[in-house]
$ cat run_20.txt   # compact mmCIF, C-alpha atoms
# COMPACT_ATOMS: atom_id res chain seq x y z
CA MET M 1 99.08 50.91 -37.64
CA THR M 2 99.29 52.85 -40.90
CA LYS M 3 96.61 55.19 -42.12
CA SER M 4 95.62 52.80 -44.93
CA ASN M 5 95.24 49.92 -42.47
CA ARG M 6 93.02 52.02 -40.23
CA LYS M 7 90.77 52.82 -43.21
CA ALA M 8 90.54 49.14 -44.17
CA THR M 9 89.59 48.18 -40.61
CA HIS M 10 86.96 50.93 -40.50
CA ARG M 11 85.43 49.69 -43.78
CA SER M 12 85.40 46.08 -42.63
CA LYS M 13 83.19 46.73 -39.55
CA PRO M 14 80.01 47.65 -41.49
CA LEU M 15 80.66 44.69 -43.79
CA LEU M 16 80.86 42.33 -40.81
CA VAL M 17 77.63 43.75 -39.36
CA ARG M 18 75.86 43.22 -42.69
CA LYS M 19 77.07 39.62 -42.86
CA LEU M 20 75.86 38.96 -39.32
CA LEU M 21 72.47 40.48 -40.13
CA ARG M 22 72.17 38.33 -43.25
CA LEU M 23 73.08 35.26 -41.23
CA ALA M 24 70.52 36.12 -38.55
CA PHE M 25 67.83 36.66 -41.19
CA LEU M 26 68.69 33.33 -42.83
CA LEU M 27 68.44 31.53 -39.48
CA ILE M 28 65.05 33.12 -38.80
CA VAL M 29 63.76 32.05 -42.23
CA LEU M 30 65.05 28.51 -41.73
CA TYR M 31 63.48 28.29 -38.26
CA ALA M 32 60.14 29.57 -39.58
CA ALA M 33 60.23 27.04 -42.41
CA TYR M 34 61.05 24.27 -39.92
CA GLN M 35 58.12 25.23 -37.69
CA LEU M 36 55.78 25.47 -40.68
CA PHE M 37 56.84 22.03 -41.88
CA TRP M 38 56.15 20.38 -38.52
CA ASN M 39 52.87 22.26 -38.10
CA VAL M 40 51.62 21.05 -41.48
CA LYS M 41 52.94 17.54 -40.92
CA GLY M 42 51.36 17.44 -37.47
CA ARG M 43 47.97 18.45 -38.84
CA ILE M 44 48.17 15.88 -41.64
CA ASP M 45 49.24 13.10 -39.27
CA TYR M 46 46.54 14.04 -36.77
CA GLN M 47 43.89 13.91 -39.47
CA LYS M 48 45.18 10.55 -40.68
CA GLY M 49 44.94 9.22 -37.14
CA GLN M 50 41.34 10.39 -36.82
CA GLU M 51 40.46 8.86 -40.18
CA THR M 52 42.10 5.58 -39.19
CA ILE M 53 40.11 5.12 -36.00
CA GLN M 54 36.89 6.22 -37.72
CA SER M 55 37.54 3.69 -40.49
CA LEU M 56 38.23 0.99 -37.91
CA LYS M 57 35.08 1.94 -36.04
CA THR M 58 32.98 1.87 -39.21
CA GLY M 59 34.29 -1.57 -40.17
CA LEU M 60 33.58 -3.01 -36.74
CA MET M 61 30.14 -1.43 -36.65
CA SER M 62 29.25 -3.13 -39.93
CA GLU M 63 30.12 -6.46 -38.31
CA LEU M 64 28.01 -5.77 -35.23
CA THR M 65 24.79 -4.69 -36.93
CA SER M 66 23.10 -5.24 -40.28
CA PRO M 67 21.15 -2.39 -41.97
CA GLU M 68 17.90 -3.99 -40.78
CA GLN M 69 19.17 -4.24 -37.22
CA ALA M 70 20.45 -0.68 -37.33
CA ALA M 71 17.01 0.54 -38.43
CA GLY M 72 15.41 -1.39 -35.58
CA GLU M 73 17.92 -0.01 -33.09
CA ALA M 74 17.24 3.53 -34.29
CA SER M 75 13.49 3.17 -33.79
CA ASP M 76 14.01 1.81 -30.27
CA HIS M 77 16.75 4.21 -29.22
CA LEU M 78 14.70 6.65 -27.16
CA GLY M 79 15.42 9.01 -24.28
CA GLU M 80 18.32 11.32 -23.69
CA ASP M 81 20.83 9.52 -25.92
CA LYS M 82 18.63 9.98 -28.99
CA ALA M 83 17.57 13.52 -28.13
CA GLN M 84 21.17 14.65 -27.69
CA ALA M 85 22.35 12.88 -30.83
CA ASN M 86 19.53 14.37 -32.92
CA SER M 87 20.02 17.89 -31.52
CA SER M 88 23.65 17.86 -32.60
CA LYS M 89 23.20 15.96 -35.89
CA ASP M 90 23.80 19.02 -38.06
CA ILE M 91 26.94 19.93 -36.12
CA ARG M 92 28.33 16.41 -36.03
CA ALA M 93 27.45 15.33 -39.59
CA SER M 94 31.05 15.36 -40.77
CA GLN M 95 32.50 13.47 -37.79
CA VAL M 96 30.92 10.26 -36.60
CA GLY M 97 32.06 8.75 -33.30
CA ILE M 98 30.76 5.82 -31.31
CA GLN M 99 28.32 7.84 -29.23
CA ALA M 100 27.10 9.95 -32.14
CA ASP M 101 25.73 6.81 -33.80
CA CYS M 102 22.05 7.06 -32.91
CA ALA M 103 21.50 3.77 -34.82
CA LEU M 104 23.28 1.87 -32.04
CA SER M 105 21.82 1.07 -28.64
CA GLN M 106 23.97 1.60 -25.58
CA GLU M 107 24.69 -2.14 -25.46
CA ALA M 108 25.88 -2.08 -29.08
CA GLN M 109 28.01 1.00 -28.35
CA ILE M 110 29.69 -0.83 -25.47
CA ALA M 111 30.29 -3.87 -27.68
CA LEU M 112 31.80 -1.62 -30.35
CA PHE M 113 33.96 0.14 -27.75
CA ASN M 114 35.28 -3.20 -26.49
CA ARG M 115 36.14 -4.25 -30.04
CA LEU M 116 38.01 -0.98 -30.52
CA LYS M 117 39.82 -1.50 -27.23
CA ALA M 118 40.99 -4.89 -28.47
CA GLU M 119 42.60 -3.06 -31.41
CA VAL M 120 43.87 -0.13 -29.28
CA PRO M 121 44.84 -1.49 -25.83
CA ALA M 122 45.57 1.99 -24.41
CA LEU M 123 41.94 3.02 -25.01
CA VAL M 124 40.05 3.65 -21.75
CA ALA M 125 37.04 5.72 -22.83
CA TRP M 126 35.30 7.59 -25.60
CA LEU M 127 34.41 11.20 -24.81
CA TYR M 128 31.50 12.86 -26.58
CA ILE M 129 30.05 16.33 -25.93
CA PRO M 130 26.86 16.78 -27.98
CA GLY M 131 26.81 20.26 -29.49
CA ALA M 132 30.60 20.64 -29.33
CA ASN M 133 33.33 19.36 -31.62
CA ILE M 134 34.44 16.80 -29.03
CA ASP M 135 33.97 13.18 -30.08
CA MET M 136 37.17 11.24 -29.55
CA PRO M 137 38.95 8.28 -27.99
CA ILE M 138 40.68 8.72 -24.63
CA VAL M 139 43.84 6.75 -23.89
CA GLN M 140 45.99 6.27 -20.78
CA GLY M 141 49.73 5.85 -20.55
CA GLN M 142 52.23 4.87 -17.90
CA ASP M 143 53.08 8.54 -17.38
CA ASN M 144 51.65 11.95 -18.24
CA ASP M 145 54.25 12.74 -20.89
CA TYR M 146 53.99 10.11 -23.61
CA TYR M 147 50.65 11.14 -25.11
CA LEU M 148 51.63 14.80 -25.17
CA ASN M 149 53.39 14.02 -28.46
CA HIS M 150 52.10 10.60 -29.51
CA ASP M 151 48.72 9.67 -30.93
CA TYR M 152 46.59 6.77 -29.74
CA ARG M 153 48.46 4.46 -32.14
CA GLY M 154 51.76 5.29 -30.46
CA LYS M 155 53.00 7.29 -33.44
CA TYR M 156 54.77 10.60 -32.90
CA ASN M 157 52.48 13.59 -33.37
CA ARG M 158 52.97 17.08 -31.98
CA TYR M 159 49.23 17.33 -31.21
CA GLY M 160 49.33 14.19 -29.09
CA ALA M 161 46.11 12.52 -27.94
CA PRO M 162 43.59 13.16 -25.15
CA PHE M 163 44.69 11.04 -22.19
CA LEU M 164 43.57 10.13 -18.70
CA ASP M 165 45.92 11.01 -15.84
CA GLN M 166 48.22 8.07 -15.16
CA ALA M 167 47.25 8.18 -11.46
CA ASN M 168 43.56 7.70 -12.22
CA ALA M 169 41.73 4.38 -12.18
CA SER M 170 40.95 3.45 -15.77
CA ASP M 171 37.30 2.77 -14.86
CA PHE M 172 36.80 6.42 -13.81
CA SER M 173 35.86 5.41 -10.27
CA ASP M 174 38.03 8.09 -8.62
CA GLN M 175 36.57 11.20 -7.06
CA ASN M 176 38.27 13.28 -9.74
CA SER M 177 39.20 11.82 -13.14
CA ILE M 178 41.38 14.17 -15.19
CA ILE M 179 41.73 14.18 -18.98
CA TYR M 180 44.44 16.27 -20.65
CA ALA M 181 44.84 17.37 -24.26
CA HIS M 182 46.49 20.16 -26.22
CA ASN M 183 44.68 23.30 -27.29
CA ALA M 184 45.59 22.85 -30.95
CA PRO M 185 44.63 25.23 -33.80
CA GLY M 186 41.65 24.42 -35.97
CA GLU M 187 39.60 22.93 -33.11
CA LYS M 188 41.83 19.85 -32.99
CA VAL M 189 42.10 17.79 -29.81
CA PHE M 190 40.75 20.12 -27.04
CA GLY M 191 40.88 23.35 -29.07
CA GLU M 192 37.07 23.53 -29.00
CA LEU M 193 37.03 23.82 -25.21
CA THR M 194 38.11 27.46 -25.30
CA ALA M 195 34.56 28.25 -26.41
CA TYR M 196 33.51 27.60 -22.80
CA GLU M 197 35.31 30.78 -21.76
CA ASP M 198 32.03 32.38 -22.85
CA PRO M 199 29.48 31.20 -20.23
CA SER M 200 26.67 31.30 -22.81
CA TYR M 201 28.33 28.43 -24.70
CA LEU M 202 27.20 26.08 -21.95
CA GLY M 203 23.65 26.31 -23.29
CA LYS M 204 24.87 24.73 -26.52
CA ALA M 205 26.87 21.89 -25.00
CA PRO M 206 26.08 21.33 -21.30
CA VAL M 207 26.71 17.60 -20.89
CA MET M 208 29.72 15.32 -21.33
CA GLU M 209 29.11 11.68 -22.22
CA LEU M 210 31.74 9.12 -21.32
CA LEU M 211 31.60 5.60 -22.73
CA THR M 212 33.73 2.86 -21.16
CA SER M 213 33.66 -0.92 -21.00
CA GLN M 214 31.39 -0.56 -17.96
CA GLY M 215 28.80 1.53 -19.76
CA LYS M 216 27.93 5.16 -20.32
CA ALA M 217 28.07 7.99 -17.77
CA TYR M 218 26.86 11.58 -18.05
CA TYR M 219 28.55 14.58 -16.47
CA ASP M 220 26.90 17.99 -16.14
CA ILE M 221 29.40 20.77 -16.82
CA GLN M 222 29.17 22.97 -13.74
CA CYS M 223 32.52 24.71 -13.42
CA VAL M 224 34.84 26.53 -15.83
CA TYR M 225 37.86 28.59 -14.85
CA ILE M 226 41.38 29.62 -15.81
CA VAL M 227 44.13 28.80 -13.38
CA ASP M 228 47.87 28.72 -12.89
CA PRO M 229 49.29 25.34 -14.04
CA TYR M 230 50.76 24.71 -10.61
CA ASP M 231 47.48 25.07 -8.71
CA ASN M 232 46.16 21.86 -7.17
CA PHE M 233 43.12 21.23 -9.34
CA ARG M 234 44.12 17.81 -10.65
CA SER M 235 44.40 15.51 -7.65
CA VAL M 236 42.47 12.27 -8.03
CA GLN M 237 41.20 12.49 -4.45
CA TYR M 238 40.59 15.42 -2.08
CA GLU M 239 40.04 15.13 1.65
CA GLY M 240 39.95 17.46 4.64
CA GLN M 241 41.71 20.78 4.08
CA ALA M 242 42.63 19.84 0.52
CA TRP M 243 38.91 19.45 -0.29
CA GLN M 244 38.12 22.80 1.32
CA SER M 245 40.86 24.48 -0.75
CA PHE M 246 39.50 22.82 -3.88
CA ILE M 247 35.97 24.10 -3.13
CA LYS M 248 37.27 27.61 -2.44
CA ARG M 249 39.00 27.64 -5.83
CA TRP M 250 35.76 26.41 -7.39
CA GLN M 251 33.82 29.24 -5.70
CA ASP M 252 36.33 32.00 -6.42
CA LYS M 253 37.14 31.23 -10.04
CA ASN M 254 34.06 29.56 -11.52
CA ILE M 255 32.50 31.64 -14.32
CA LEU M 256 29.32 29.52 -14.16
CA ASP M 257 26.57 29.70 -11.57
CA PHE M 258 26.17 26.27 -9.97
CA PRO M 259 26.17 24.91 -6.41
CA ASP M 260 29.37 23.47 -5.00
CA PRO M 261 29.92 19.74 -5.49
CA GLN M 262 29.75 17.31 -2.60
CA ALA M 263 32.72 15.27 -1.41
CA ASP M 264 31.06 12.05 -2.57
CA ASP M 265 30.41 13.37 -6.09
CA HIS M 266 32.41 11.99 -9.01
CA LEU M 267 34.03 14.66 -11.16
CA LEU M 268 35.29 14.56 -14.74
CA THR M 269 37.91 17.24 -15.30
CA LEU M 270 39.12 18.39 -18.72
CA GLN M 271 42.27 20.47 -18.92
CA THR M 272 43.95 22.23 -21.82
CA CYS M 273 46.60 24.91 -22.12
CA LEU M 274 46.15 28.53 -23.16
CA ILE M 275 48.55 30.83 -25.01
CA THR M 276 49.07 32.69 -21.71
CA ASP M 277 50.60 29.46 -20.31
CA GLU M 278 47.64 29.21 -17.97
CA ARG M 279 45.23 26.27 -17.94
CA LEU M 280 41.58 26.15 -18.89
CA VAL M 281 39.80 23.75 -16.55
CA ILE M 282 36.31 22.31 -16.99
CA HIS M 283 34.69 20.23 -14.25
CA GLY M 284 31.66 18.02 -14.85
CA VAL M 285 29.65 16.42 -12.05
CA LYS M 286 28.44 12.89 -12.67
CA GLN M 287 24.69 12.46 -12.91
CA ALA M 288 23.04 9.96 -10.60
CA ASP M 289 22.75 6.48 -12.08
$ encode --input "run_20.txt" --output "structure tokens"
Amino acid sequence: MTKSNRKATHRSKPLLVRKLLRLAFLLIVLYAAYQLFWNVKGRIDYQKGQETIQSLKTGLMSELTSPEQAAGEASDHLGEDKAQANSSKDIRASQVGIQADCALSQEAQIALFNRLKAEVPALVAWLYIPGANIDMPIVQGQDNDYYLNHDYRGKYNRYGAPFLDQANASDFSDQNSIIYAHNAPGEKVFGELTAYEDPSYLGKAPVMELLTSQGKAYYDIQCVYIVDPYDNFRSVQYEGQAWQSFIKRWQDKNILDFPDPQADDHLLTLQTCLITDERLVIHGVKQAD
């Protein structure tokens, strides 16, 4: 190799490095733009989905009750339902779900739910936590993957939809009924649940209300913990040693101060992911009928 060729080769190496760096930078910019696009699109689509079901709910509600009937229902709607709805009225003013409608009796709420279910066959429940930003339909699929990236209408959405474990009975009669949803930014889906990592938040939102075709059930939130995703906290039924292991996990990890549940209790479990790739788990114990 001549001296001039060696010089040309030496000059070409820094040039190649610069080209590779430019290419890498361009790829990073393109990837960031791609992620931004799908994030924005996902948020818009998620909001459209929420607006659609709220619009459907409002239309059906207008068919089920006249203004005069609604006023009568409101005056008669006493007890815990009304107290919880009123206590969270300022928080929930911008988002109205079935159970937040204090103008509807429980019977009217069930009728409205059944009408919604006729429009959305995958619907199995409506979850409402007074005092928290949780007021949403719960669906169930044939597996535990589909609703990770589809909304309740079956349309693709990266935020998915809250869904009941496919192994659970849709009437929530199992010992442990598990609902999953993403921890999405902006308090979407189950993003609000991370507030329970502060035990004092329980005083603001201590009870979960679950409306199904069978009626309404109340679950007292009694256990909150963070766990490895492969731990056995989401079986629909625990017996024998499995139950003892479940109780030990409850005792060791629970950040709240409540007695252990009994084997014949019915639990409602909410699960969402954390940025650490761990899982935030919230257990509610069903109140006596």
$ atom_distance --input "run_20.txt" --atom1 "CA of His283 in chain M" --atom2 "CA of Cys223 in chain M"
5.0 Å
$ atom_distance --input "run_20.txt" --atom1 "CA of Leu267 in chain M" --atom2 "CA of Asp289 in chain M"
14.0 Å
$ residues_around --input "run_20.txt" --residues "range 231-239 of chain M" --least-positions-apart "5" --cutoff "7 Å" --atoms "all atoms listed in the file" --output "list in words"
Asn168, Asp174, Gln175, Asn176, Ser177, Ile178 and Phe246 of chain M
$ residues_around --input "run_20.txt" --residues "Thr194 in chain M" --least-positions-apart "6" --cutoff "9 Å" --atoms "all atoms listed in the file" --output "list in words"
Asn183, Thr272, Leu274 and Leu280 of chain M
$ residues_around --input "run_20.txt" --residues "Gln287 in chain M" --least-positions-apart "2" --cutoff "7 Å" --atoms "only C-alpha atoms" --output "ChimeraX atom specification"
/M:218-220,285,289
$ residues_around --input "run_20.txt" --residues "Met208 in chain M" --least-positions-apart "5" --cutoff "12 Å" --atoms "only C-alpha atoms" --output "PyMOL selection string"
chain M and resi 81+84+99+126-136+193+202+216-222+267-270+282-287
$ write_last_selection --input "run_20.txt" --atoms "C-alpha atoms" --output "PDB file, in the coordinates of the input"
ATOM      1  CA  ASP M  81      20.830   9.520 -25.920  1.00  0.00           C
ATOM      2  CA  GLN M  84      21.170  14.650 -27.690  1.00  0.00           C
ATOM      3  CA  GLN M  99      28.320   7.840 -29.230  1.00  0.00           C
ATOM      4  CA  TRP M 126      35.300   7.590 -25.600  1.00  0.00           C
ATOM      5  CA  LEU M 127      34.410  11.200 -24.810  1.00  0.00           C
ATOM      6  CA  TYR M 128      31.500  12.860 -26.580  1.00  0.00           C
ATOM      7  CA  ILE M 129      30.050  16.330 -25.930  1.00  0.00           C
ATOM      8  CA  PRO M 130      26.860  16.780 -27.980  1.00  0.00           C
ATOM      9  CA  GLY M 131      26.810  20.260 -29.490  1.00  0.00           C
ATOM     10  CA  ALA M 132      30.600  20.640 -29.330  1.00  0.00           C
ATOM     11  CA  ASN M 133      33.330  19.360 -31.620  1.00  0.00           C
ATOM     12  CA  ILE M 134      34.440  16.800 -29.030  1.00  0.00           C
ATOM     13  CA  ASP M 135      33.970  13.180 -30.080  1.00  0.00           C
ATOM     14  CA  MET M 136      37.170  11.240 -29.550  1.00  0.00           C
ATOM     15  CA  LEU M 193      37.030  23.820 -25.210  1.00  0.00           C
ATOM     16  CA  LEU M 202      27.200  26.080 -21.950  1.00  0.00           C
ATOM     17  CA  LYS M 216      27.930   5.160 -20.320  1.00  0.00           C
ATOM     18  CA  ALA M 217      28.070   7.990 -17.770  1.00  0.00           C
ATOM     19  CA  TYR M 218      26.860  11.580 -18.050  1.00  0.00           C
ATOM     20  CA  TYR M 219      28.550  14.580 -16.470  1.00  0.00           C
ATOM     21  CA  ASP M 220      26.900  17.990 -16.140  1.00  0.00           C
ATOM     22  CA  ILE M 221      29.400  20.770 -16.820  1.00  0.00           C
ATOM     23  CA  GLN M 222      29.170  22.970 -13.740  1.00  0.00           C
ATOM     24  CA  LEU M 267      34.030  14.660 -11.160  1.00  0.00           C
ATOM     25  CA  LEU M 268      35.290  14.560 -14.740  1.00  0.00           C
ATOM     26  CA  THR M 269      37.910  17.240 -15.300  1.00  0.00           C
ATOM     27  CA  LEU M 270      39.120  18.390 -18.720  1.00  0.00           C
ATOM     28  CA  ILE M 282      36.310  22.310 -16.990  1.00  0.00           C
ATOM     29  CA  HIS M 283      34.690  20.230 -14.250  1.00  0.00           C
ATOM     30  CA  GLY M 284      31.660  18.020 -14.850  1.00  0.00           C
ATOM     31  CA  VAL M 285      29.650  16.420 -12.050  1.00  0.00           C
ATOM     32  CA  LYS M 286      28.440  12.890 -12.670  1.00  0.00           C
ATOM     33  CA  GLN M 287      24.690  12.460 -12.910  1.00  0.00           C
TER      34      GLN M 287
END
$ residues_around --input "run_20.txt" --residues "His150 in chain M" --least-positions-apart "5" --cutoff "12 Å" --atoms "only C-alpha atoms" --output "list in words"
Gly42, Asp45, Tyr46, Gly49, Ala122, Val139, Gln140, Gly141, Asn144, Asp145, Lys155, Tyr156, Asn157, Arg158, Tyr159, Gly160, Ala161, Pro162, Phe163, Ala181 and His182 of chain M
$ write_last_selection --input "run_20.txt" --atoms "C-alpha atoms" --output "short mmCIF file (atom, residue, chain, number, x, y, z; two decimals), in the coordinates of the input"
data_model
loop_
_atom_site.label_atom_id
_atom_site.label_comp_id
_atom_site.auth_asym_id
_atom_site.auth_seq_id
_atom_site.Cartn_x
_atom_site.Cartn_y
_atom_site.Cartn_z
CA GLY M 42 51.36 17.44 -37.47
CA ASP M 45 49.24 13.10 -39.27
CA TYR M 46 46.54 14.04 -36.77
CA GLY M 49 44.94 9.22 -37.14
CA ALA M 122 45.57 1.99 -24.41
CA VAL M 139 43.84 6.75 -23.89
CA GLN M 140 45.99 6.27 -20.78
CA GLY M 141 49.73 5.85 -20.55
CA ASN M 144 51.65 11.95 -18.24
CA ASP M 145 54.25 12.74 -20.89
CA LYS M 155 53.00 7.29 -33.44
CA TYR M 156 54.77 10.60 -32.90
CA ASN M 157 52.48 13.59 -33.37
CA ARG M 158 52.97 17.08 -31.98
CA TYR M 159 49.23 17.33 -31.21
CA GLY M 160 49.33 14.19 -29.09
CA ALA M 161 46.11 12.52 -27.94
CA PRO M 162 43.59 13.16 -25.15
CA PHE M 163 44.69 11.04 -22.19
CA ALA M 181 44.84 17.37 -24.26
CA HIS M 182 46.49 20.16 -26.22
#
$ atom_distance --input "run_20.txt" --atom1 "CA of Leu123 in chain M" --atom2 "CA of Ala195 in chain M"
26.3 Å
